[in-house]
Amino acid sequence: MKPETLCGIDDTIARVRRGDPDALADLLARYQHRLYRYLSRLVQNPATAEDLFQQTWLRVMQKIGKYNTGSRFDTWLFSVAHNLAIDHLRRQRVSSLDVSDETGTTLSERLVSGSPDPLEQLLDSERGALLGAAMNKLPDIHREVISLRFEEGMKLEQIAEVGGVPLSTVKSRLHRALESLRARLEARCGSV
Amino acid sequence: MDQCEMWAGWQSIPAINRCGTDRTAQSPFINRRAGYPAPPCGETSEMNEHESVRKLLPLAVAGALEFKELRRVEQHAHACESCSHELETWKRYAHALRQLPQLSVPPGLLERTHSRILQHGAATGDRANSILLGAIAIFGWAAGLTLWVLARGLTGGVVNILGINLVSPQSCLLLSAVLTWITATASAVAFVRHSDTRSTL
């Protein structure tokens, strides 16, 4: 049984298909944080992420009738978002080898740390900001695979489905992404 | 062929027996692939295993390895201090990635998104309704014209009721005008009611 079924996602989707506005609001609230975080990580611009967030849900509503309830909804949702984001990035003609951080301090300022101790909060914040900045320098596909694996906790099969690539490609990208991330951090900060 | 000869053959140099010799004296013969000098005998397979496991470490901490591969990494790391240290480093990276500060959703994003979806749905519905009304109107005209032609053909062009020829061109024109007014009035009423409903939402 899919974990999502236990939370009534299939019932919510059925209600959305029948045009229930409350069900739509429920669906939006359920996935807003994950989806926005993913898009923000991918396109590195809050305004663009918000626009893509809305476009994703518009596309979902257009295609909700085609969603197969036998698969996971979050995987399907993220695949829609992925396609829209990649189309946007291609239009922007962003170089995959030299991505600049458009948000800079704005992104860092919007980060929230979960550590209770003030010193730990500061250390966590700095560490997180460094790591986040290094991630922002990665190529889009590397940044995406790290975000889906470590932030969203998706399985490799799900990541493959979101990106429309084979499982071997996901593993290869994950490996290169982690190596690249570490190399950038060590170049900046020295060995950990 | 022993391992030394195989190693030398791979390096494209004359096969010589390096077994037991000091590694630092072998500087002209560098393994261009791994940057290591040519190893003494017996260590080639261990080095390959070592290099092979080190390449798996990032995927191990990402949970991307099969059980057998993971087991192999753990066993090697248990015996190799260098790889054990490296594995711990990768684990710290993985932990930090899982603990990245959360990006906050902009205030009002849900409401804006919900509103945009409803507006888009209403616009789509309006377009669909307009197309449907247009199709019904055209169908009505075509059906009326067809029936008129059939009626004239079947009746010889004369159907007198109360002194009025109902299948004459003039009668047809008058009937069309009445039907047009009825259709337009009904459409206008439906449009106004729909606009009231949308403004209420």
# chains A, B, ... in the order shown; residues from 1 in each chain; ligands from 1

$ interface_residues --of "chain A" --to "chain B" --cutoff "8 Å" --atoms "only C-alpha atoms" --output "MDAnalysis selection string"
chainID A and resid 24:25 28:29 32:33 36:37 40 50 53:54 57:58 61 107 110:114 125 127:129 131:132 149:151 156 171 174:175 178:179 182 192

$ write_last_selection --atoms "N, CA and C atoms" --output "short mmCIF file (atom, residue, chain, number, x, y, z; two decimals), in the first residue's frame"
data_model
loop_
_atom_site.label_atom_id
_atom_site.label_comp_id
_atom_site.auth_asym_id
_atom_site.auth_seq_id
_atom_site.Cartn_x
_atom_site.Cartn_y
_atom_site.Cartn_z
N LEU A 24 -8.91 20.96 -3.34
CA LEU A 24 -7.78 21.61 -4.01
C LEU A 24 -6.92 22.36 -3.02
N ALA A 25 -7.55 23.09 -2.12
CA ALA A 25 -6.80 23.83 -1.10
C ALA A 25 -6.02 22.87 -0.22
N LEU A 28 -2.95 21.67 -2.18
CA LEU A 28 -1.93 22.73 -2.25
C LEU A 28 -1.16 22.83 -0.94
N ALA A 29 -1.91 22.82 0.16
CA ALA A 29 -1.27 22.97 1.47
C ALA A 29 -0.36 21.79 1.79
N GLN A 32 2.92 22.25 -0.58
CA GLN A 32 3.46 23.58 -0.89
C GLN A 32 4.94 23.70 -0.50
N HIS A 33 5.29 23.25 0.69
CA HIS A 33 6.67 23.43 1.16
C HIS A 33 7.67 22.64 0.34
N TYR A 36 7.78 24.03 -3.39
CA TYR A 36 8.44 25.32 -3.49
C TYR A 36 9.94 25.19 -3.22
N ARG A 37 10.29 24.38 -2.22
CA ARG A 37 11.70 24.17 -1.90
C ARG A 37 12.43 23.57 -3.10
N SER A 40 12.72 26.24 -5.88
CA SER A 40 13.68 27.27 -5.48
C SER A 40 15.10 26.78 -5.64
N GLU A 50 8.16 30.95 -7.65
CA GLU A 50 6.74 31.15 -7.36
C GLU A 50 5.90 30.99 -8.63
N PHE A 53 5.77 27.45 -9.51
CA PHE A 53 4.90 26.78 -8.53
C PHE A 53 3.45 26.86 -9.00
N GLN A 54 3.04 28.04 -9.40
CA GLN A 54 1.66 28.23 -9.85
C GLN A 54 1.42 27.49 -11.17
N TRP A 57 0.87 23.77 -10.61
CA TRP A 57 -0.46 23.40 -10.15
C TRP A 57 -1.51 23.59 -11.25
N LEU A 58 -1.32 24.60 -12.08
CA LEU A 58 -2.24 24.75 -13.22
C LEU A 58 -2.17 23.53 -14.13
N MET A 61 -3.82 20.56 -12.53
CA MET A 61 -5.28 20.61 -12.63
C MET A 61 -5.75 20.26 -14.04
N LEU A 107 18.60 34.52 -0.40
CA LEU A 107 18.31 33.13 -0.11
C LEU A 107 18.77 32.78 1.29
N ARG A 110 16.58 33.93 4.05
CA ARG A 110 15.28 33.27 4.20
C ARG A 110 15.41 31.87 4.77
N LEU A 111 16.61 31.49 5.13
CA LEU A 111 16.81 30.15 5.66
C LEU A 111 16.44 30.10 7.13
N VAL A 112 15.90 28.98 7.54
CA VAL A 112 15.48 28.81 8.94
C VAL A 112 16.21 27.63 9.52
N SER A 113 16.87 27.81 10.65
CA SER A 113 17.58 26.72 11.27
C SER A 113 16.71 26.07 12.33
N GLY A 114 16.90 24.75 12.52
CA GLY A 114 16.06 24.04 13.49
C GLY A 114 16.75 23.78 14.81
N SER A 125 23.68 27.49 10.87
CA SER A 125 23.30 28.45 9.85
C SER A 125 24.45 28.71 8.89
N ARG A 127 27.06 26.76 8.38
CA ARG A 127 27.36 25.54 7.65
C ARG A 127 26.35 25.32 6.54
N GLY A 128 25.09 25.55 6.90
CA GLY A 128 24.02 25.38 5.91
C GLY A 128 24.14 26.38 4.78
N ALA A 129 24.50 27.62 5.13
CA ALA A 129 24.63 28.64 4.11
C ALA A 129 25.78 28.31 3.16
N LEU A 131 27.01 25.31 2.54
CA LEU A 131 26.61 24.15 1.74
C LEU A 131 25.59 24.55 0.67
N GLY A 132 24.65 25.38 1.08
CA GLY A 132 23.64 25.85 0.12
C GLY A 132 24.26 26.66 -1.00
N ARG A 149 17.20 13.77 -3.51
CA ARG A 149 17.64 12.65 -2.69
C ARG A 149 17.72 13.02 -1.22
N PHE A 150 18.35 14.14 -0.92
CA PHE A 150 18.63 14.48 0.47
C PHE A 150 17.58 15.38 1.11
N GLU A 151 17.02 16.29 0.34
CA GLU A 151 16.01 17.19 0.92
C GLU A 151 14.63 16.57 0.87
N LEU A 156 15.67 6.40 -5.38
CA LEU A 156 16.31 6.59 -6.68
C LEU A 156 15.33 6.32 -7.82
N LYS A 171 22.13 7.45 -10.55
CA LYS A 171 23.29 7.10 -9.70
C LYS A 171 24.53 7.84 -10.16
N LEU A 174 24.23 11.46 -9.21
CA LEU A 174 24.36 11.62 -7.76
C LEU A 174 25.83 11.54 -7.36
N HIS A 175 26.52 10.59 -7.92
CA HIS A 175 27.94 10.43 -7.62
C HIS A 175 28.74 11.66 -8.03
N LEU A 178 27.89 14.77 -5.79
CA LEU A 178 28.49 14.77 -4.46
C LEU A 178 29.99 15.05 -4.55
N GLU A 179 30.63 14.46 -5.53
CA GLU A 179 32.06 14.70 -5.70
C GLU A 179 32.31 16.19 -6.01
N ARG A 182 31.67 18.42 -2.90
CA ARG A 182 32.78 18.34 -1.94
C ARG A 182 34.01 19.08 -2.45
N VAL A 192 37.33 19.05 5.19
CA VAL A 192 36.43 18.96 6.36
C VAL A 192 36.99 17.96 7.38
#

$ residues_around --residues "stretch 142-154 of chain B" --least-positions-apart "2" --cutoff "9 Å" --atoms "only C-alpha atoms" --output "ChimeraX atom specification"
/B:137-140,156-159,167-168,172,176

$ atom_distance --atom1 "atom CA of A:Leu130" --atom2 "atom CA of B:Pro107"
25.6 Å

$ atom_distance --atom1 "atom CA of A:Trp76" --atom2 "atom CA of A:Gln55"
14.5 Å
